[in-house]
file target.txt (compact mmCIF, C-alpha atoms)
# COMPACT_ATOMS: atom_id res chain seq x y z
CA MET A 1 108.74 106.40 89.58
CA SER A 2 108.82 105.14 93.18
CA ASP A 3 106.85 102.06 94.11
CA GLU A 4 104.52 104.00 96.41
CA LYS A 5 103.65 106.47 93.64
CA ARG A 6 103.11 103.63 91.19
CA TYR A 7 100.59 101.91 93.49
CA LEU A 8 98.82 105.18 94.23
CA LYS A 9 98.46 105.77 90.49
CA LEU A 10 97.05 102.26 89.93
CA HIS A 11 94.49 102.60 92.72
CA LEU A 12 93.37 106.00 91.39
CA ILE A 13 92.99 104.61 87.86
CA VAL A 14 90.90 101.71 89.21
CA LEU A 15 88.77 104.20 91.19
CA ALA A 16 88.03 105.97 87.90
CA LEU A 17 87.32 102.64 86.17
CA VAL A 18 84.90 101.61 88.94
CA VAL A 19 82.98 104.90 88.79
CA ILE A 20 82.68 104.83 84.98
CA ALA A 21 81.75 101.12 84.88
CA GLU A 22 79.09 101.43 87.59
CA LEU A 23 77.65 104.58 86.00
CA ILE A 24 77.10 102.65 82.74
CA GLY A 25 75.48 99.87 84.83
CA THR A 26 74.17 96.42 83.89
CA LYS A 27 72.65 96.12 80.43
CA SER A 28 70.81 93.08 79.14
CA TYR A 29 69.60 92.31 75.67
CA LYS A 30 67.18 89.56 74.72
CA LEU A 31 68.46 87.32 71.97
CA GLY A 32 66.49 84.21 71.01
CA PRO A 33 65.88 81.96 74.04
CA GLY A 34 68.67 83.58 76.05
CA THR A 35 69.80 86.99 77.17
CA ILE A 36 73.12 88.73 76.65
CA VAL A 37 74.04 90.37 79.95
CA LEU A 38 76.75 93.04 80.08
CA LEU A 39 77.96 93.71 83.64
CA PRO A 40 80.03 96.63 85.02
CA MET A 41 82.94 94.25 85.73
CA LEU A 42 83.22 93.60 82.01
CA TYR A 43 83.48 97.34 81.26
CA ALA A 44 86.10 97.69 84.02
CA LEU A 45 88.12 94.90 82.39
CA LEU A 46 87.94 96.41 78.92
CA LEU A 47 88.57 99.98 80.11
CA GLY A 48 91.52 98.71 82.17
CA LEU A 49 92.90 97.10 79.05
CA LEU A 50 92.51 100.43 77.18
CA THR A 51 94.83 102.21 79.64
CA GLY A 52 97.70 100.07 78.32
CA PRO A 53 100.68 101.03 76.14
CA LYS A 54 98.93 99.78 72.99
CA PHE A 55 96.03 102.22 73.43
CA LEU A 56 95.88 105.22 75.81
CA LYS A 57 99.45 104.76 77.11
CA ILE A 58 98.49 105.85 80.67
CA ILE A 59 100.30 102.85 82.16
CA ASP A 60 103.56 101.13 81.29
CA LYS A 61 104.85 97.58 81.54
CA GLU A 62 105.97 97.95 85.17
CA ASP A 63 102.53 99.29 86.15
CA MET A 64 100.98 96.19 84.60
CA ASN A 65 103.24 93.91 86.64
CA ALA A 66 102.34 95.80 89.80
CA ALA A 67 98.60 95.55 88.99
CA GLU A 68 98.99 91.80 88.57
CA GLY A 69 100.18 91.52 92.17
CA LEU A 70 97.17 93.49 93.40
CA ILE A 71 94.60 91.06 91.94
CA THR A 72 95.42 88.21 94.31
CA VAL A 73 94.78 90.39 97.36
CA SER A 74 91.74 92.17 95.91
CA VAL A 75 89.84 88.89 95.36
CA MET A 76 89.89 88.12 99.10
CA LEU A 77 86.96 90.43 99.93
CA LEU A 78 84.93 88.77 97.17
CA MET A 79 85.68 85.34 98.62
CA ALA A 80 84.52 86.52 102.06
CA LYS A 81 81.30 87.79 100.46
CA TYR A 82 80.91 84.50 98.64
CA GLY A 83 81.03 82.65 101.97
CA THR A 84 78.35 84.90 103.45
CA ASN A 85 76.11 84.11 100.46
CA ILE A 86 76.42 80.38 101.02
CA GLY A 87 76.01 80.23 104.82
CA PRO A 88 72.31 81.11 105.04
CA THR A 89 71.35 78.52 102.39
CA LEU A 90 73.18 75.56 103.97
CA PRO A 91 69.99 73.86 105.30
CA LEU A 92 68.42 73.83 101.83
CA ILE A 93 71.61 72.42 100.35
CA ILE A 94 71.71 69.66 102.99
CA LYS A 95 68.01 68.84 102.53
CA SER A 96 68.25 68.45 98.76
CA GLY A 97 68.38 64.84 97.69
CA PRO A 98 71.16 62.45 96.65
CA ALA A 99 70.70 63.24 92.96
CA LEU A 100 71.32 66.90 93.62
CA ILE A 101 74.52 66.14 95.52
CA LEU A 102 75.87 63.47 93.15
CA GLN A 103 75.24 65.52 90.00
CA GLU A 104 77.72 68.05 91.38
CA PHE A 105 80.45 65.63 90.28
CA GLY A 106 79.16 66.14 86.75
CA ASN A 107 80.83 69.55 86.84
CA LEU A 108 84.08 67.61 86.38
CA GLY A 109 82.81 67.06 82.82
CA THR A 110 84.56 70.36 82.04
CA VAL A 111 87.88 68.51 82.46
CA LEU A 112 86.89 65.30 80.67
CA LEU A 113 85.43 67.02 77.61
CA GLY A 114 87.41 70.27 77.63
CA MET A 115 90.98 69.10 78.27
CA PRO A 116 91.36 66.74 75.26
CA PHE A 117 89.89 69.36 72.91
CA ALA A 118 92.01 72.14 74.41
CA LEU A 119 95.17 70.07 73.82
CA LEU A 120 94.04 69.15 70.31
CA LEU A 121 93.60 72.85 69.58
CA GLY A 122 97.21 73.38 70.61
CA LEU A 123 96.79 74.92 74.08
CA ARG A 124 99.30 73.70 76.65
CA ARG A 125 99.38 74.82 80.33
CA GLU A 126 96.60 77.28 79.39
CA ALA A 127 94.34 74.22 79.11
CA ILE A 128 94.49 73.64 82.87
CA GLY A 129 93.12 77.08 83.72
CA ALA A 130 90.67 76.91 80.83
CA THR A 131 89.06 73.53 81.58
CA PHE A 132 89.08 72.90 85.36
CA SER A 133 85.80 74.82 85.78
CA ILE A 134 83.40 77.13 83.96
CA ALA A 135 85.71 79.98 85.06
CA ARG A 136 83.52 82.19 87.22
CA GLU A 137 84.87 84.66 89.81
CA PRO A 138 85.76 82.10 92.53
CA ASN A 139 87.65 80.04 89.94
CA LEU A 140 89.58 83.15 88.87
CA ALA A 141 90.48 83.65 92.52
CA ILE A 142 91.71 80.06 92.85
CA ILE A 143 93.97 80.25 89.78
CA SER A 144 95.18 83.70 90.80
CA ASP A 145 96.06 82.29 94.22
CA MET A 146 97.67 79.02 93.08
CA TYR A 147 99.36 79.88 89.77
CA GLY A 148 99.06 83.67 89.39
CA LEU A 149 96.94 85.32 86.69
CA ASP A 150 100.01 86.12 84.57
CA SER A 151 100.85 82.40 84.24
CA PRO A 152 99.70 80.29 81.26
CA GLU A 153 97.04 78.77 83.59
CA GLY A 154 95.93 82.33 84.41
CA ARG A 155 95.57 83.24 80.74
CA GLY A 156 93.47 80.09 80.22
CA VAL A 157 91.02 80.85 83.02
CA MET A 158 90.84 84.53 81.99
CA GLY A 159 90.04 83.55 78.40
CA VAL A 160 87.15 81.26 79.36
CA TYR A 161 86.03 83.83 81.95
CA VAL A 162 85.77 86.56 79.30
CA ALA A 163 84.11 84.19 76.83
CA GLY A 164 81.60 83.08 79.49
CA THR A 165 80.89 86.65 80.58
CA VAL A 166 80.16 87.75 77.04
CA PHE A 167 78.11 84.85 75.71
CA GLY A 168 77.75 82.29 78.57
CA SER A 169 74.07 82.86 79.32
CA ILE A 170 73.00 82.93 75.67
CA PHE A 171 74.95 79.71 75.10
CA PHE A 172 73.38 77.89 78.08
CA GLY A 173 69.93 79.13 77.04
CA LEU A 174 70.39 77.69 73.56
CA PHE A 175 72.09 74.48 74.69
CA ALA A 176 69.55 73.59 77.42
CA GLY A 177 66.76 73.96 74.88
CA PHE A 178 68.65 71.76 72.45
CA ALA A 179 69.42 69.11 75.11
CA ALA A 180 65.78 69.04 76.25
CA THR A 181 64.49 68.35 72.75
CA ALA A 182 67.33 66.19 71.38
CA LEU A 183 68.49 64.02 74.31
CA PRO A 184 66.61 61.30 76.28
CA LEU A 185 67.18 63.00 79.65
CA HIS A 186 64.47 63.80 82.20
CA PRO A 187 63.59 67.51 82.59
CA TYR A 188 64.41 67.27 86.33
CA ALA A 189 67.93 66.08 85.49
CA LEU A 190 68.34 68.89 82.97
CA ALA A 191 67.08 71.37 85.56
CA MET A 192 69.68 70.22 88.09
CA ALA A 193 72.40 70.41 85.44
CA SER A 194 71.47 74.06 84.85
CA GLY A 195 72.95 75.04 88.21
CA VAL A 196 76.45 75.52 86.83
CA GLY A 197 77.43 78.13 89.42
CA SER A 198 76.41 81.32 87.65
CA ALA A 199 73.04 82.89 88.37
CA SER A 200 72.70 84.33 84.87
CA MET A 201 73.69 81.12 83.08
CA MET A 202 71.38 79.07 85.32
CA SER A 203 68.48 81.48 84.70
CA ALA A 204 68.98 81.25 80.94
CA ALA A 205 69.07 77.43 80.96
CA VAL A 206 66.07 77.09 83.30
CA GLY A 207 64.19 79.67 81.23
CA ALA A 208 64.64 77.57 78.11
CA LEU A 209 63.55 74.36 79.91
CA VAL A 210 60.41 75.99 81.33
CA GLU A 211 59.55 77.16 77.82
CA ILE A 212 59.64 73.52 76.62
CA PHE A 213 58.05 71.85 79.72
CA PRO A 214 55.58 74.48 81.00
CA ASN A 215 53.66 71.96 83.17
CA MET A 216 56.83 71.30 85.24
CA ALA A 217 57.81 74.98 85.55
CA GLU A 218 57.85 75.08 89.36
CA GLU A 219 59.91 71.93 89.88
CA ILE A 220 62.39 72.90 87.16
CA THR A 221 62.95 76.37 88.62
CA ALA A 222 63.39 75.04 92.19
CA LEU A 223 65.82 72.28 91.18
CA GLY A 224 67.88 74.67 89.04
CA ALA A 225 68.21 77.21 91.85
CA ALA A 226 69.06 74.54 94.47
CA SER A 227 71.72 73.03 92.22
CA ASN A 228 73.18 76.48 91.57
CA LEU A 229 73.41 77.04 95.33
CA ALA A 230 75.07 73.64 95.75
CA THR A 231 77.65 74.50 93.08
CA GLY A 232 78.21 77.84 94.79
CA ALA A 233 78.88 76.00 98.04
CA ASP A 234 81.08 73.16 96.79
CA GLY A 235 82.56 74.72 93.65
CA VAL A 236 85.68 76.13 95.33
CA TYR A 237 86.46 72.87 97.13
CA MET A 238 85.59 70.70 94.14
CA SER A 239 87.95 72.85 92.03
CA ILE A 240 90.88 72.72 94.43
CA PHE A 241 90.64 69.12 95.59
CA MET A 242 89.25 67.32 92.53
CA ALA A 243 89.14 69.28 89.26
CA LEU A 244 92.64 70.81 89.38
CA PRO A 245 94.39 67.56 90.40
CA MET A 246 92.39 65.78 87.66
CA CYS A 247 93.47 68.43 85.14
CA GLU A 248 97.13 68.08 86.10
CA TRP A 249 96.90 64.27 85.85
CA LEU A 250 95.06 64.22 82.52
CA TYR A 251 97.38 66.90 81.13
CA ARG A 252 100.50 64.88 81.96
CA LYS A 253 98.94 61.67 80.63
CA LEU A 254 97.75 63.13 77.32
CA ILE A 255 100.92 65.12 76.69
CA ARG A 256 103.04 62.00 77.38
CA ASP A 257 100.94 59.77 75.10
CA ARG A 258 101.32 62.31 72.36
CA ALA A 259 105.05 62.56 72.87
CA GLU A 260 105.32 58.77 72.60
CA GLU A 261 103.30 58.78 69.38
CA VAL A 262 105.61 61.38 67.90
CA ILE A 263 108.68 59.37 68.89
CA LYS A 264 107.24 56.14 67.44
CA GLY A 265 106.40 58.16 64.33
CA MET B 1 106.50 100.07 111.21
CA LYS B 2 105.81 102.19 108.15
CA LEU B 3 102.67 101.12 106.33
CA SER B 4 103.39 100.45 102.68
CA LEU B 5 100.87 100.70 99.84
CA LYS B 6 102.05 97.17 98.98
CA ASP B 7 100.93 95.69 102.32
CA PRO B 8 98.02 93.20 101.84
CA VAL B 9 96.06 94.82 104.70
CA VAL B 10 96.45 98.28 103.11
CA ILE B 11 95.45 96.95 99.67
CA THR B 12 92.37 95.29 101.20
CA VAL B 13 91.38 98.61 102.83
CA ILE B 14 91.77 100.40 99.48
CA VAL B 15 89.74 97.75 97.62
CA ALA B 16 87.08 98.01 100.33
CA ILE B 17 86.88 101.79 99.77
CA LEU B 18 86.71 101.34 95.96
CA THR B 19 83.90 98.80 96.46
CA LEU B 20 81.94 101.16 98.73
CA VAL B 21 82.18 103.81 95.98
CA GLY B 22 81.00 101.35 93.31
CA ASN B 23 78.30 100.05 95.68
CA PHE B 24 77.00 103.63 95.92
CA VAL B 25 77.31 104.62 92.25
CA GLY B 26 75.96 101.38 90.79
CA TYR B 27 73.57 100.00 93.41
CA LYS B 28 72.53 103.15 95.32
CA ILE B 29 73.55 101.79 98.73
CA ASP B 30 75.19 104.68 100.60
CA PRO B 31 78.60 103.98 102.16
CA ILE B 32 77.33 104.55 105.71
CA THR B 33 74.68 101.81 105.34
CA ALA B 34 77.16 99.44 103.73
CA PHE B 35 80.01 100.17 106.16
CA PRO B 36 79.20 97.58 108.91
CA GLY B 37 78.90 94.79 106.32
CA MET B 38 82.14 95.85 104.64
CA LEU B 39 83.88 95.92 108.03
CA ILE B 40 82.74 92.32 108.66
CA LEU B 41 84.04 91.22 105.22
CA PHE B 42 87.33 93.03 105.93
CA LEU B 43 87.73 91.27 109.28
CA ILE B 44 86.94 87.88 107.66
CA VAL B 45 89.75 88.53 105.14
CA ILE B 46 92.27 89.61 107.80
CA VAL B 47 91.49 86.66 110.10
CA GLY B 48 91.39 84.29 107.11
CA MET B 49 94.83 85.41 105.92
CA TRP B 50 96.18 85.00 109.46
CA ILE B 51 94.74 81.45 109.72
CA THR B 52 96.32 80.63 106.33
CA LYS B 53 99.72 81.60 107.75
CA ILE B 54 99.47 79.50 110.93
CA MET B 55 97.72 76.41 109.48
CA PRO B 56 99.71 73.49 108.10
CA GLY B 57 98.97 72.10 104.63
CA ASN B 58 99.58 75.13 102.40
CA LEU B 59 95.92 75.54 101.44
CA PRO B 60 95.20 78.76 99.55
CA ALA B 61 93.79 81.64 101.60
CA VAL B 62 90.52 81.54 99.61
CA VAL B 63 89.60 78.28 101.41
CA TYR B 64 89.81 79.78 104.91
CA VAL B 65 88.36 83.15 103.93
CA SER B 66 85.26 81.61 102.30
CA LEU B 67 84.90 79.04 105.11
CA LEU B 68 84.87 81.84 107.72
CA GLY B 69 82.16 83.61 105.69
CA ILE B 70 80.07 80.43 105.63
CA ILE B 71 80.45 79.75 109.38
CA LEU B 72 79.56 83.33 110.36
CA THR B 73 76.31 83.28 108.34
CA MET B 74 75.09 79.72 109.01
CA PRO B 75 71.63 79.60 110.63
CA TRP B 76 73.20 77.58 113.47
CA PHE B 77 75.61 80.39 114.27
CA PRO B 78 73.97 82.66 116.91
CA LEU B 79 74.57 85.91 115.02
CA GLY B 80 74.30 84.29 111.58
CA GLU B 81 71.17 86.10 110.46
CA LYS B 82 72.52 89.50 111.55
CA VAL B 83 75.87 88.97 109.80
CA ALA B 84 74.10 87.86 106.60
CA GLU B 85 71.82 90.91 106.73
CA LEU B 86 74.72 93.36 107.23
CA THR B 87 76.94 91.85 104.53
CA SER B 88 74.02 91.79 102.09
CA GLN B 89 74.39 95.60 101.98
CA VAL B 90 77.58 95.08 99.99
CA ASN B 91 76.53 94.11 96.48
CA PHE B 92 78.23 91.05 95.06
CA LEU B 93 78.78 92.72 91.68
CA ALA B 94 80.24 95.87 93.29
CA LEU B 95 83.01 93.66 94.70
CA THR B 96 83.86 92.23 91.28
CA THR B 97 84.31 95.59 89.48
CA PRO B 98 87.59 96.75 91.11
CA ILE B 99 89.11 93.25 90.75
CA LEU B 100 88.40 93.25 87.04
CA GLY B 101 89.80 96.79 86.86
CA TYR B 102 93.18 95.60 88.16
CA ALA B 103 92.88 92.51 85.96
CA GLY B 104 92.18 94.65 82.89
CA ILE B 105 95.25 96.80 83.53
CA SER B 106 97.50 93.76 83.91
CA LEU B 107 95.87 91.97 80.96
CA GLY B 108 97.58 94.37 78.53
CA LYS B 109 100.83 92.47 78.72
CA ASP B 110 99.07 89.22 77.79
CA LEU B 111 97.17 90.75 74.91
CA ASP B 112 99.37 89.26 72.21
CA SER B 113 99.13 85.75 73.61
CA PHE B 114 95.36 86.17 74.12
CA LYS B 115 95.01 87.27 70.50
CA LYS B 116 96.95 84.19 69.50
CA ASN B 117 94.70 81.97 71.66
CA GLY B 118 91.46 83.98 71.38
CA LEU B 119 89.45 81.90 68.94
CA ARG B 120 90.80 78.64 70.37
CA ILE B 121 89.82 79.70 73.89
CA VAL B 122 86.28 80.45 72.73
CA VAL B 123 86.02 76.95 71.21
CA VAL B 124 87.43 75.42 74.43
CA ALA B 125 84.91 77.46 76.48
CA ILE B 126 82.06 75.89 74.50
CA PHE B 127 83.35 72.36 75.23
CA VAL B 128 83.79 73.29 78.89
CA PHE B 129 80.18 74.53 79.11
CA VAL B 130 78.80 71.46 77.32
CA GLY B 131 80.94 69.22 79.55
CA THR B 132 79.61 70.53 82.84
CA TYR B 133 75.99 70.53 81.61
CA LEU B 134 75.97 67.02 80.16
CA GLY B 135 78.08 65.60 83.00
CA SER B 136 75.61 66.83 85.61
CA ALA B 137 72.51 65.94 83.58
CA VAL B 138 73.61 62.34 82.93
CA ILE B 139 74.48 61.72 86.61
CA ALA B 140 71.25 63.34 87.85
CA HIS B 141 69.17 61.32 85.37
CA THR B 142 70.87 58.06 86.41
CA VAL B 143 70.49 58.70 90.15
CA LEU B 144 66.84 59.79 89.78
CA LYS B 145 66.17 56.58 87.82
CA LEU B 146 68.02 54.33 90.32
CA THR B 147 66.19 55.88 93.28
CA GLY B 148 62.87 55.41 91.45
CA GLN B 149 61.93 59.09 91.34
CA ILE B 150 61.32 59.21 87.59

call {"tool": "encode", "arguments": {"input": "target.txt", "output": "structure tokens"}}
result
Amino acid sequence: MSDEKRYLKLHLIVLALVVIAELIGTKSYKLGPGTIVLLPMLYALLLGLLTGPKFLKIIDKEDMNAAEGLITVSVMLLMAKYGTNIGPTLPLIIKSGPALILQEFGNLGTVLLGMPFALLLGLRREAIGATFSIAREPNLAIISDMYGLDSPEGRGVMGVYVAGTVFGSIFFGLFAGFAATALPLHPYALAMASGVGSASMMSAAVGALVEIFPNMAEEITALGAASNLATGADGVYMSIFMALPMCEWLYRKLIRDRAEEVIKG
Amino acid sequence: MKLSLKDPVVITVIVAILTLVGNFVGYKIDPITAFPGMLILFLIVIVGMWITKIMPGNLPAVVYVSLLGIILTMPWFPLGEKVAELTSQVNFLALTTPILGYAGISLGKDLDSFKKNGLRIVVVAIFVFVGTYLGSAVIAHTVLKLTGQI
């Protein structure tokens, strides 16, 4: 098959995937304090997977490699859209206090807590993609751009992305409720922490907090939304300039320490 | 010059068309209404990719593309409000569906390694989520306390 025909075939398959996925539409199910949200993009991912040689056999190995190359370009429109979402809210982000800005660095907790556990569980380069962020769309774009999605780093970010898409909001709903009742942290601080950079995860966490502190409902909702906007604005830059370099550094350090231990026996 | 289906500009046009279809099917915004906003996003991408090529420092294109989007919609930018209004006709989720379609197709070749890592990745995801939440909450609590707000 010529290259041109191969690309035409891929685009037509994706057209079909988009139409089917959007026809099914967003579905959400209440479960405990959180909600499970199923989005069209998730159906597109799973249906795309089904076209493969293991299932429907519509595409072959070379088609898959070609599709890989298309992802990096296709994310660009999303990044442009992302920018246009942030622009109008800049004044609010600037106005929000020092706590709101400084707690953004707390998002690096993904690296500090995630990386050691990922390595303990036996992941290697996958750990970098898996732990530098909570793996939402902009983070996928970054890894796709810097390492490629077919790299180990790409598999790591894809794995956490799929996990987060399927049960992220239910997890944050449950965990925020747990943190609010079990930890000595102020509800305002927990509200700011809820802005992890995903509207559905933030809504689930804030929902749980409001349930527990109904007399602070307004403040909690406002702080959660503002923090989510801040993460939306700085997330890409934080990921590229801080979280990824930190991941690379911690990865090298931990892997070396372990190698030395093995040698010393 | 013969335009190839592999050219980034051509791929961007195709993804834009796929998105307009999804935007119509899923979010009931007809392609004519969404067209001006999509054209703006397309131009941001093209200019952003061009800036990436001419700028020193090897920063990924996503930095310049998103930065252009921010600048064009800031309240201080004369046409900011208009640009934001037009691009809001292109649903955020509609843009994600085609990307995940391509990703799903290419994911097939990683299926075995994902199966191998599947459960471990889910456990890592939980630590990642807890890490970002607790990291932010502890810093926010400390700063609020130090600045005397709680």

call {"tool": "atom_distance", "arguments": {"input": "target.txt", "atom1": "atom CA of A:Ala163", "atom2": "atom CA of A:Leu185"}}
result
27.3 Å

call {"tool": "closest_residue", "arguments": {"input": "target.txt", "among": "A:Phe178, A:Ala193, A:Gly154, A:Glu62", "to": "chain B", "atoms": "all atoms listed in the file"}}
result
A:Ala193

call {"tool": "closest_residue", "arguments": {"input": "target.txt", "among": "A:Leu244, A:Ala141, A:Leu229, A:Leu174", "to": "B:Pro60", "atoms": "all atoms listed in the file"}}
result
A:Ala141

call {"tool": "closest_residue", "arguments": {"input": "target.txt", "among": "B:Thr132, B:Asn91, B:Thr19, B:Thr52", "to": "chain A", "atoms": "all atoms listed in the file"}}
result
B:Thr132

call {"tool": "residues_around", "arguments": {"input": "target.txt", "residues": "stretch 76-86 of chain B", "least_positions_apart": "2", "cutoff": "12 Å", "atoms": "all atoms listed in the file", "output": "PyMOL selection string"}}
result
(chain A and resi 80-91) or (chain B and resi 32-41+44+68-74+88-91)

call {"tool": "closest_residue", "arguments": {"input": "target.txt", "among": "B:Leu5, B:Leu144, B:Leu95, B:Leu134", "to": "A:Ala180", "atoms": "all atoms listed in the file"}}
result
B:Leu134

call {"tool": "atom_distance", "arguments": {"input": "target.txt", "atom1": "atom CA of A:Glu260", "atom2": "atom CA of A:Met242"}}
result
27.0 Å

call {"tool": "atom_distance", "arguments": {"input": "target.txt", "atom1": "atom CA of B:Lys145", "atom2": "atom CA of A:Ala191"}}
result
15.0 Å

call {"tool": "closest_residue", "arguments": {"input": "target.txt", "among": "B:Leu18, B:Asp7, B:Thr12, B:Tyr27", "to": "B:Leu93", "atoms": "only C-alpha atoms"}}
result
B:Tyr27

call {"tool": "closest_residue", "arguments": {"input": "target.txt", "among": "B:Gly148, B:Gly135, B:Gly118, B:Pro98", "to": "A:Gly159", "atoms": "only C-alpha atoms"}}
result
B:Gly118

call {"tool": "residues_around", "arguments": {"input": "target.txt", "residues": "A:Ala243", "least_positions_apart": "5", "cutoff": "8 Å", "atoms": "all atoms listed in the file", "output": "PDB file with C-alpha atoms, keeping the file's coordinate frame"}}
result
ATOM      1  CA  LEU A 108      84.080  67.610  86.380  1.00  0.00           C
ATOM      2  CA  VAL A 111      87.880  68.510  82.460  1.00  0.00           C
ATOM      3  CA  PHE A 132      89.080  72.900  85.360  1.00  0.00           C
ATOM      4  CA  SER A 133      85.800  74.820  85.780  1.00  0.00           C
ATOM      5  CA  MET A 238      85.590  70.700  94.140  1.00  0.00           C
TER       6      MET A 238
END

call {"tool": "decode", "arguments": {"input": "target.txt", "residues": "stretch 127-133 of chain B", "atoms": "all heavy atoms", "output": "mmCIF file, in the first residue's frame"}}
result
data_model
loop_
_atom_site.group_PDB
_atom_site.id
_atom_site.type_symbol
_atom_site.label_atom_id
_atom_site.label_comp_id
_atom_site.auth_asym_id
_atom_site.auth_seq_id
_atom_site.Cartn_x
_atom_site.Cartn_y
_atom_site.Cartn_z
ATOM 1 N N PHE B 127 -0.788 6.813 43.467
ATOM 2 C CA PHE B 127 0.237 7.574 44.181
ATOM 3 C C PHE B 127 0.432 8.960 43.571
ATOM 4 O O PHE B 127 0.652 9.942 44.281
ATOM 5 C CB PHE B 127 1.562 6.810 44.198
ATOM 6 C CG PHE B 127 1.576 5.702 45.206
ATOM 7 C CD1 PHE B 127 1.558 4.377 44.819
ATOM 8 C CD2 PHE B 127 1.570 5.997 46.563
ATOM 9 C CE1 PHE B 127 1.550 3.354 45.753
ATOM 10 C CE2 PHE B 127 1.569 4.983 47.507
ATOM 11 C CZ PHE B 127 1.556 3.653 47.098
ATOM 12 N N VAL B 128 0.344 9.033 42.245
ATOM 13 C CA VAL B 128 0.490 10.312 41.553
ATOM 14 C C VAL B 128 -0.636 11.271 41.967
ATOM 15 O O VAL B 128 -0.407 12.431 42.284
ATOM 16 C CB VAL B 128 0.502 10.067 40.027
ATOM 17 C CG1 VAL B 128 0.229 11.351 39.259
ATOM 18 C CG2 VAL B 128 1.839 9.470 39.596
ATOM 19 N N PHE B 129 -1.858 10.753 42.018
ATOM 20 C CA PHE B 129 -3.009 11.583 42.402
ATOM 21 C C PHE B 129 -2.882 12.048 43.853
ATOM 22 O O PHE B 129 -3.111 13.211 44.168
ATOM 23 C CB PHE B 129 -4.317 10.806 42.221
ATOM 24 C CG PHE B 129 -4.627 10.482 40.782
ATOM 25 C CD1 PHE B 129 -5.453 9.412 40.464
ATOM 26 C CD2 PHE B 129 -4.101 11.245 39.751
ATOM 27 C CE1 PHE B 129 -5.745 9.111 39.140
ATOM 28 C CE2 PHE B 129 -4.388 10.951 38.428
ATOM 29 C CZ PHE B 129 -5.210 9.879 38.124
ATOM 30 N N VAL B 130 -2.523 11.114 44.746
ATOM 31 C CA VAL B 130 -2.367 11.472 46.158
ATOM 32 C C VAL B 130 -1.233 12.485 46.311
ATOM 33 O O VAL B 130 -1.346 13.447 47.075
ATOM 34 C CB VAL B 130 -2.097 10.208 47.013
ATOM 35 C CG1 VAL B 130 -1.708 10.590 48.429
ATOM 36 C CG2 VAL B 130 -3.325 9.305 47.033
ATOM 37 N N GLY B 131 -0.152 12.304 45.540
ATOM 38 C CA GLY B 131 0.998 13.203 45.617
ATOM 39 C C GLY B 131 0.655 14.632 45.285
ATOM 40 O O GLY B 131 0.997 15.556 46.021
ATOM 41 N N THR B 132 -0.055 14.845 44.177
ATOM 42 C CA THR B 132 -0.390 16.219 43.790
ATOM 43 C C THR B 132 -1.355 16.842 44.791
ATOM 44 O O THR B 132 -1.225 18.003 45.163
ATOM 45 C CB THR B 132 -0.947 16.289 42.350
ATOM 46 O OG1 THR B 132 -1.152 17.656 42.006
ATOM 47 C CG2 THR B 132 -2.247 15.536 42.182
ATOM 48 N N TYR B 133 -2.308 16.052 45.300
ATOM 49 C CA TYR B 133 -3.313 16.601 46.222
ATOM 50 C C TYR B 133 -2.679 16.992 47.554
ATOM 51 O O TYR B 133 -2.854 18.117 48.031
ATOM 52 C CB TYR B 133 -4.441 15.591 46.437
ATOM 53 C CG TYR B 133 -5.670 16.218 47.035
ATOM 54 C CD1 TYR B 133 -6.593 16.861 46.229
ATOM 55 C CD2 TYR B 133 -5.876 16.214 48.411
ATOM 56 C CE1 TYR B 133 -7.714 17.467 46.771
ATOM 57 C CE2 TYR B 133 -6.991 16.815 48.965
ATOM 58 C CZ TYR B 133 -7.902 17.435 48.132
ATOM 59 O OH TYR B 133 -9.001 18.044 48.672
#
